[in-house]
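Enquirer: Got a structure here, written out as structure tokens. Questions coming.
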Amino acid sequence: MNKAIRLLAGVVLAGALAGCEWQSTPSGDASNTSGYFVNFSGVYRGAPGRFLVSNYSLASSSTSTTTPGTGSGGSTSQPFINESQGTAVGTATDPLVKISGNVSRIPVVAGTVSIFVYDQATGVLIGTFTDNGGGALAGTFLVGGVIQFAGSGEIVYATGAWFVNLALPGIQTTVRITASYRQNTTPESGSSTVTTTSDVHPGSTGTSIFSFTVQQDGSSIKLIDNNGMEYVGSAGTPVFTSDNLQTTTSSGSGSSSSSGTTVTPDGPVTMSFNATGTSLAGFTVNIVGSFNGFYQTDQRLINRTISGTWIEVGGKTGDIYGLADDSTAN
């Protein structure tokens, strides 16, 4: 874990956003950077009775979580952090255009998978891909440490097998790949008594984290926790998992008239991000995660969630999950 923390500590991009009186809008008013018309600004809170940053059970622990469900035994899951998915080699003449692996603890809880790609030589995080709860993986990776390209693939929850296809020019270096996810440990019958500890304890040292106020301006991200502490960084280009094709015809007559097809994103969208800051307890904190939502044709972004990993350098590691109030969407 200490090694993982050191690696992640080196990858988070810090950048201050100007002015604490900055006014956020959940969709529509981001900078003109391509793709950033989708804006995930807003207040994200943990589910009722839950911390937004909850305690992670390490893979060696037997602790599991319980959530009331329709089955007689409820639903339970156990988190696993940065499980190794091996290495892969890409070169300028033979770049990586596909990566794949298989998580070891199955079945996997839908919507909890994050695949992280690190440059093997530097330890820098260069790619993040998350699942949308329906078996699709989407995200971005960096080429040359600056230019972002998209990747998409699939995860089979029953077997743990996954793959991601990478857009050209692909990855041209040796990479190390890890996966963070939750295993479904729901008992088959309701006769089992399940111990629940990991979701009822805070995942941050000292003062608990119940909410983040997210301020997004283009690719710049700021998260402010309920204690007033700030974590700043950057976001990847929003990735749409479906497109609504609309045909438009321009006005004109004779040879001057023309028609074309415009792609209007309308559906699930995900945006990876990373941020760093100092918690109220004095720990340097690295946050790696993603925002998810549903973008509508009326330019409203609904069903917004935040998920990821809270990593204190020398302290706790937490599981981040929060929901935004759709009434604040434009």
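In the structure tokens, chains take letters A, B, ... by order of appearance, with residues numbered from 1 within each chain and ligands from 1 in the order shown.
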With only C-alpha atoms as the counted atoms, please give the residues lying no more than 6 Å from region 288-297 of chain A, apart from itself and same-chain residues fewer than 4 positions off, as a PDB file with N, CA and C atoms, in the first residue's frame.

Expert:
ATOM      1  N   ASP A 266     -26.176  12.213 -26.196  1.00  0.00           N
ATOM      2  CA  ASP A 266     -27.405  12.133 -25.414  1.00  0.00           C
ATOM      3  C   ASP A 266     -27.429  10.777 -24.732  1.00  0.00           C
ATOM      4  N   GLY A 267     -26.922  10.721 -23.528  1.00  0.00           N
ATOM      5  CA  GLY A 267     -26.873   9.445 -22.838  1.00  0.00           C
ATOM      6  C   GLY A 267     -25.827   9.444 -21.742  1.00  0.00           C
ATOM      7  N   PRO A 268     -25.395   8.261 -21.276  1.00  0.00           N
ATOM      8  CA  PRO A 268     -24.422   8.163 -20.187  1.00  0.00           C
ATOM      9  C   PRO A 268     -23.088   8.806 -20.556  1.00  0.00           C
ATOM     10  N   VAL A 269     -22.502   9.496 -19.605  1.00  0.00           N
ATOM     11  CA  VAL A 269     -21.209  10.120 -19.819  1.00  0.00           C
ATOM     12  C   VAL A 269     -20.373   9.930 -18.560  1.00  0.00           C
ATOM     13  N   THR A 270     -19.066   9.715 -18.755  1.00  0.00           N
ATOM     14  CA  THR A 270     -18.147   9.560 -17.627  1.00  0.00           C
ATOM     15  C   THR A 270     -16.958  10.474 -17.829  1.00  0.00           C
ATOM     16  N   MET A 271     -16.387  10.968 -16.738  1.00  0.00           N
ATOM     17  CA  MET A 271     -15.231  11.853 -16.804  1.00  0.00           C
ATOM     18  C   MET A 271     -14.289  11.521 -15.645  1.00  0.00           C
ATOM     19  N   SER A 272     -13.096  11.046 -15.955  1.00  0.00           N
ATOM     20  CA  SER A 272     -12.119  10.728 -14.919  1.00  0.00           C
ATOM     21  C   SER A 272     -11.463  12.012 -14.408  1.00  0.00           C
ATOM     22  N   PHE A 273     -10.933  11.969 -13.194  1.00  0.00           N
ATOM     23  CA  PHE A 273     -10.268  13.142 -12.630  1.00  0.00           C
ATOM     24  C   PHE A 273      -9.249  12.706 -11.583  1.00  0.00           C
ATOM     25  N   ASN A 274      -8.355  13.609 -11.263  1.00  0.00           N
ATOM     26  CA  ASN A 274      -7.462  13.419 -10.121  1.00  0.00           C
ATOM     27  C   ASN A 274      -7.241  14.759  -9.450  1.00  0.00           C
ATOM     28  N   LEU A 301     -27.639  17.800 -17.185  1.00  0.00           N
ATOM     29  CA  LEU A 301     -26.865  16.643 -16.749  1.00  0.00           C
ATOM     30  C   LEU A 301     -27.495  16.121 -15.465  1.00  0.00           C
ATOM     31  N   ILE A 302     -28.059  14.910 -15.499  1.00  0.00           N
ATOM     32  CA  ILE A 302     -28.773  14.353 -14.358  1.00  0.00           C
ATOM     33  C   ILE A 302     -28.095  13.069 -13.892  1.00  0.00           C
ATOM     34  N   ASN A 303     -28.581  12.552 -12.766  1.00  0.00           N
ATOM     35  CA  ASN A 303     -28.054  11.298 -12.194  1.00  0.00           C
ATOM     36  C   ASN A 303     -26.540  11.353 -11.996  1.00  0.00           C
ATOM     37  N   ARG A 304     -26.071  12.495 -11.497  1.00  0.00           N
ATOM     38  CA  ARG A 304     -24.624  12.680 -11.323  1.00  0.00           C
ATOM     39  C   ARG A 304     -24.115  11.959 -10.070  1.00  0.00           C
ATOM     40  N   THR A 305     -23.007  11.243 -10.226  1.00  0.00           N
ATOM     41  CA  THR A 305     -22.360  10.582  -9.090  1.00  0.00           C
ATOM     42  C   THR A 305     -20.863  10.835  -9.143  1.00  0.00           C
ATOM     43  N   ILE A 306     -20.220  10.677  -7.996  1.00  0.00           N
ATOM     44  CA  ILE A 306     -18.764  10.721  -7.906  1.00  0.00           C
ATOM     45  C   ILE A 306     -18.315   9.436  -7.230  1.00  0.00           C
ATOM     46  N   SER A 307     -17.272   8.819  -7.758  1.00  0.00           N
ATOM     47  CA  SER A 307     -16.720   7.611  -7.144  1.00  0.00           C
ATOM     48  C   SER A 307     -15.210   7.629  -7.317  1.00  0.00           C
ATOM     49  N   GLY A 308     -14.510   6.973  -6.416  1.00  0.00           N
ATOM     50  CA  GLY A 308     -13.059   6.955  -6.513  1.00  0.00           C
ATOM     51  C   GLY A 308     -12.401   6.473  -5.242  1.00  0.00           C
ATOM     52  N   THR A 309     -11.128   6.805  -5.111  1.00  0.00           N
ATOM     53  CA  THR A 309     -10.311   6.358  -3.989  1.00  0.00           C
ATOM     54  C   THR A 309      -9.655   7.558  -3.313  1.00  0.00           C
TER      55      THR A 309
END

Enquirer: When you draw a straight line from CA of Phe141 (chain A) to CA of Ile126 (chain A), how long is it in Å?

Expert: 5.4 Å

Enquirer: A:Pro238, A:Pro79, A:Gly315, A:Gly277: which is nearest Asn39 (chain A), counting only C-alpha atoms?

Expert: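 Counting only C-alpha atoms, the residue closest to Asn39 (chain A) is A:Pro238.
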
Enquirer: Within 9 Å of region 49-55 of chain A, counting only C-alpha atoms, which residues show up once you throw out same-chain ones fewer than 4 positions away? Write them as a PyMOL selection string, please.

Expert: chain A and resi 44-45+197-204+208-212+309-310+316-323

Enquirer: Write the residues of the selection above to a file with C-alpha atoms, as a short mmCIF file (atom, residue, chain, number, x, y, z; two decimals), in the first residue's frame.

Expert:
data_model
loop_
_atom_site.label_atom_id
_atom_site.label_comp_id
_atom_site.auth_asym_id
_atom_site.auth_seq_id
_atom_site.Cartn_x
_atom_site.Cartn_y
_atom_site.Cartn_z
CA TYR A 44 -22.13 15.59 -3.78
CA ARG A 45 -23.17 13.84 -0.57
CA THR A 197 -18.03 -2.43 9.55
CA SER A 198 -16.37 -0.96 6.48
CA ASP A 199 -19.20 1.37 5.43
CA VAL A 200 -20.04 2.61 8.92
CA HIS A 201 -16.59 4.05 9.65
CA PRO A 202 -15.06 7.16 8.06
CA GLY A 203 -12.36 6.61 5.46
CA SER A 204 -10.50 9.78 6.43
CA SER A 208 -15.24 12.74 8.72
CA ILE A 209 -16.02 13.63 5.09
CA PHE A 210 -19.75 13.78 4.33
CA SER A 211 -19.79 15.99 1.21
CA PHE A 212 -17.76 17.54 -1.62
CA THR A 309 -10.31 6.36 -3.99
CA TRP A 310 -9.16 8.65 -1.16
CA LYS A 316 -5.92 5.89 5.63
CA THR A 317 -7.28 4.79 2.28
CA GLY A 318 -10.99 5.39 1.69
CA ASP A 319 -13.76 4.54 -0.75
CA ILE A 320 -15.46 7.62 -2.26
CA TYR A 321 -19.07 7.50 -3.39
CA GLY A 322 -21.54 10.38 -3.51
CA LEU A 323 -24.65 11.58 -5.30
#

Enquirer: Report the distance between CA of Ile311 (chain A) and CA of Val103 (chain A) in Å, rounded to one decimal place.

Expert: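 The value is 21.3 Å.
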